[in-house]
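Let me begin by presenting the structure, written as structure tokens, before commenting on it.
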Amino acid sequence: MLRAIVLGIVQGITEFLPISSSAHLSIVPRLLGYATPTLAFEVLLHFGTLAAVAAYFARDLWAFVLCLVAPGRLGPKEAATRRRLLGLLVLASVPAAVVGFLLQDWADEQTARPLRASVWLVLTTAVMIAAELYARSHRPGPAPATAPATAPGELEGGEEQAASAGLWTSGGGRSGGALRSPSGGPGTARARAGTAAPADAQPELDRLPVAKAAGIGLGQALALIPGTSRSGITISVGLFQGVSREAAARFSFLLSIPAILGAGILKLDELGNATEAPAELVAGTLAAAVSGFLAVSFLIRLLRTRTLWPFIWYRLAAGALFVLLLSTVRS
């Protein structure tokens, strides 16, 4: 039972933090002396993380349903915005679906070898390093203070107009009892001790160009390489294209829903081959779901004001340590 819970927590955390779930789920059991998890167990762990991200973005998903079947609940403009974002997610999902169908066996072979997965964990970190350096070199200068900051708890100008019109908004303010965006934070100006407050990522996501969405989709396809990390590569591609970290993370997590679901469906026939007890399967799935939800929430909040560097240093240190430990165990 402990093994199932530990591996569930490992899967939930590493699926969404940019440190690679495939590498950790291959390496951690070897280091802890656990039996290698069956493919059926891994499939259920992924369904646990699917439940986590779906729960976090539940209102976004409901808004996608409404924009298709009951657009009047959202208002014409918001319904069109939701349909556009849904279309971008469909478009960006195609590369991962094609690459996954063609190369899944190769990826499974790589992750089945913990030492090789450790090496990939270190090597693929180079993409994240390059993205952060690129973002730093292209960082815009501070904007001139030509307008007073919005008071805490006050809606931004555009949001206030939308609220007064009674429309569904992404700023978090209540607007005539209609839906509010589940993924947009409170519409407040977060002025802090001389530092500029991060912009709300939802409007940026709503205006995401097709080319940038397609680029992030291509990045997700590269996540098939063990050690790459879906969130790490997609956020990195977003940074190369000038997308903010939080907006890229939100799009990445929404994009992960069809990817995880599709991969799980393709492996449903493996569920009958599980050697773990039913109680272990349930415990591992629940642990993955709870830890995954917390990981999604943590990363989105962190990326509003922080960079990927803490995860970069972790990947380099952990990868090197894993290589050393696994080489010692092997010898």
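Residue numbering restarts at 1 in every chain; chains get A, B, ... in the order shown in the structure tokens, and ligands count up from 1 in that same order.
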
If we count only C-alpha atoms, what is near range 123-140 of chain A at a cut-off of 12 Å, once residues fewer than 2 positions away on the same chain are taken out, given as an mmCIF file with C-alpha atoms, in the first residue's frame?
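Done, and the output landed in around.cif:
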data_model
loop_
_atom_site.group_PDB
_atom_site.id
_atom_site.type_symbol
_atom_site.label_atom_id
_atom_site.label_comp_id
_atom_site.auth_asym_id
_atom_site.auth_seq_id
_atom_site.Cartn_x
_atom_site.Cartn_y
_atom_site.Cartn_z
ATOM 1 C CA PRO A 18 8.491 20.652 -15.137
ATOM 2 C CA ILE A 19 10.679 17.822 -13.837
ATOM 3 C CA SER A 20 9.383 14.855 -15.905
ATOM 4 C CA ALA A 23 11.838 9.808 -15.715
ATOM 5 C CA ARG A 116 18.956 6.169 -19.646
ATOM 6 C CA ALA A 117 15.973 8.144 -18.327
ATOM 7 C CA SER A 118 18.326 9.930 -15.888
ATOM 8 C CA VAL A 119 20.618 10.970 -18.719
ATOM 9 C CA TRP A 120 17.670 12.258 -20.734
ATOM 10 C CA LEU A 121 16.526 14.240 -17.675
ATOM 11 C CA PRO A 142 9.396 48.848 -17.431
ATOM 12 C CA ALA A 143 6.376 50.697 -18.743
ATOM 13 C CA PRO A 144 6.045 54.376 -17.797
ATOM 14 C CA GLY A 219 6.523 21.295 -28.128
ATOM 15 C CA LEU A 222 8.568 16.491 -28.021
ATOM 16 C CA ALA A 223 7.499 15.585 -24.476
ATOM 17 C CA LEU A 224 7.467 11.988 -25.671
ATOM 18 C CA ILE A 225 11.237 12.054 -25.200
ATOM 19 C CA PRO A 226 11.831 10.676 -21.674
ATOM 20 C CA GLY A 227 12.914 13.319 -19.187
ATOM 21 C CA THR A 228 11.578 16.205 -21.247
ATOM 22 C CA SER A 229 8.469 17.091 -19.159
ATOM 23 C CA ARG A 230 5.291 18.185 -20.923
ATOM 24 C CA SER A 231 4.939 21.370 -18.895
ATOM 25 C CA GLY A 232 8.648 22.145 -19.135
ATOM 26 C CA ILE A 233 8.856 21.896 -22.923
ATOM 27 C CA THR A 234 5.549 23.653 -23.622
ATOM 28 C CA ILE A 235 6.313 26.561 -21.299
ATOM 29 C CA SER A 236 9.782 26.800 -22.855
ATOM 30 C CA VAL A 237 8.333 26.943 -26.370
ATOM 31 C CA GLY A 238 5.933 29.605 -25.144
ATOM 32 C CA LEU A 239 8.822 31.681 -23.802
ATOM 33 C CA PHE A 240 10.613 31.446 -27.165
ATOM 34 C CA GLN A 241 7.449 32.863 -28.747
ATOM 35 C CA GLY A 242 6.987 35.670 -26.233
ATOM 36 C CA VAL A 243 4.134 34.034 -24.287
ATOM 37 C CA SER A 244 4.150 34.619 -20.532
ATOM 38 C CA ARG A 245 4.986 31.680 -18.277
ATOM 39 C CA ARG A 306 8.889 33.372 -10.737
ATOM 40 C CA THR A 307 10.866 31.644 -13.464
ATOM 41 C CA LEU A 308 11.725 28.042 -14.316
ATOM 42 C CA TRP A 309 15.198 28.275 -12.791
ATOM 43 C CA PRO A 310 14.394 26.405 -9.528
ATOM 44 C CA PHE A 311 13.229 23.448 -11.615
ATOM 45 C CA ILE A 312 16.225 23.717 -13.915
ATOM 46 C CA TRP A 313 18.645 23.451 -11.004
ATOM 47 C CA TYR A 314 16.654 20.570 -9.547
ATOM 48 C CA ARG A 315 16.709 18.675 -12.846
ATOM 49 C CA LEU A 316 20.458 19.100 -13.229
ATOM 50 C CA ALA A 317 21.231 18.110 -9.638
ATOM 51 C CA ALA A 318 18.708 15.262 -9.440
ATOM 52 C CA GLY A 319 19.638 13.926 -12.863
ATOM 53 C CA ALA A 320 23.339 13.850 -12.003
#

**OP:** For Ala79 in chain A, please output as a ChimeraX atom specification all residues within 10 Å (counting only C-alpha atoms; exclusion window: fewer than 6 positions along the same chain).
**Re:** /A:63-68,70-73,85,168

With N, CA, C and O atoms retained, write the just-selected residues as a compact mmCIF listing (two decimals), in the first residue's frame.
# COMPACT_ATOMS: atom_id res chain seq x y z
N ALA A 63 -17.26 25.79 -19.53
CA ALA A 63 -17.44 26.92 -20.45
C ALA A 63 -17.28 26.46 -21.90
O ALA A 63 -17.98 26.95 -22.79
N PHE A 64 -16.38 25.51 -22.15
CA PHE A 64 -16.23 24.96 -23.50
C PHE A 64 -17.51 24.24 -23.93
O PHE A 64 -17.92 24.33 -25.08
N VAL A 65 -18.11 23.51 -23.00
CA VAL A 65 -19.37 22.83 -23.31
C VAL A 65 -20.46 23.86 -23.62
O VAL A 65 -21.18 23.74 -24.62
N LEU A 66 -20.55 24.89 -22.79
CA LEU A 66 -21.59 25.90 -22.99
C LEU A 66 -21.40 26.65 -24.30
O LEU A 66 -22.39 26.99 -24.97
N CYS A 67 -20.17 26.94 -24.68
CA CYS A 67 -19.95 27.70 -25.92
C CYS A 67 -20.42 26.91 -27.14
O CYS A 67 -20.67 27.50 -28.20
N LEU A 68 -20.54 25.61 -27.00
CA LEU A 68 -20.99 24.77 -28.11
C LEU A 68 -22.49 24.50 -28.07
O LEU A 68 -23.15 24.48 -29.11
N ALA A 70 -24.83 25.88 -25.51
CA ALA A 70 -25.68 26.94 -24.96
C ALA A 70 -24.91 28.25 -24.91
O ALA A 70 -24.66 28.80 -23.84
N PRO A 71 -24.51 28.77 -26.08
CA PRO A 71 -23.69 30.00 -26.10
C PRO A 71 -24.36 31.20 -25.47
O PRO A 71 -23.67 32.13 -25.02
N GLY A 72 -25.69 31.19 -25.41
CA GLY A 72 -26.37 32.32 -24.80
C GLY A 72 -26.06 32.48 -23.33
O GLY A 72 -26.18 33.58 -22.78
N ARG A 73 -25.65 31.41 -22.66
CA ARG A 73 -25.28 31.49 -21.25
C ARG A 73 -24.01 32.32 -21.05
O ARG A 73 -23.76 32.82 -19.95
N LEU A 85 -10.58 29.39 -28.36
CA LEU A 85 -9.59 28.72 -27.53
C LEU A 85 -9.72 27.20 -27.66
O LEU A 85 -8.72 26.48 -27.72
N TRP A 168 -20.21 37.22 -18.67
CA TRP A 168 -19.23 36.28 -18.09
C TRP A 168 -17.84 36.84 -18.34
O TRP A 168 -17.52 37.25 -19.46

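Interatomic distance, CA of Leu2 in chain A against CA of Phe253 in chain A: 28.2 Å.
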
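Close contacts of Gly284 in chain A, defined as residues with an atom at most 9 Å away when counting only C-alpha atoms, with chain neighbours fewer than 6 positions off set aside, comprise Met1, Leu2, Arg3, Ala4, Ile5, Val6, Leu7, Gly8, Ile9, Phe41, Leu44, Leu45 and Gly48 of chain A.
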
**OP:** Pick out the residues sitting within 12 Å of Phe298 in chain A, and hand them over as a list in words; count only C-alpha atoms, and ignore anything fewer than 2 positions along from it in its own chain.
**Re:** Ile13, Phe16, Leu17, Pro18, Tyr56, Glu246, Ala249, Ser291, Gly292, Phe293, Leu294, Ala295, Val296, Ile300, Arg301, Leu302, Leu303, Arg304, Thr305 and Arg306 of chain A

**OP:** Would you work out the distance separating CA of Ala35 in chain A from CA of Phe101 in chain A, expressed in Å to one decimal?
**Re:** 27.7 Å

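Straight-line separation from CA of Glu276 in chain A to CA of Gly264 in chain A: 18.0 Å.
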
Subject >> Distance criterion (only C-alpha atoms): nearest to Ile27 in chain A out of A:Lys267, A:Arg83, A:Arg113, A:His46 >> reply: A:Arg113

Original post:
Taking only C-alpha atoms into account, which of A:Thr328, A:Ser93, A:Thr285, A:Thr49 comes nearest Gly262 in chain A?
Top reply: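 Residue with the minimum atom-to-atom distance to Gly262 in chain A: A:Ser93.
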
Subject >> Given only C-alpha atoms as the counted atoms, nearest of A:Ala263, A:Ala52, A:Leu205, A:Val28 to Thr81 in chain A >> reply: A:Leu205

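Counting only C-alpha atoms, the residue from A:Leu218, A:Ala283, A:Val210, A:Leu324 that sits nearest to Ala97 in chain A is A:Leu218.
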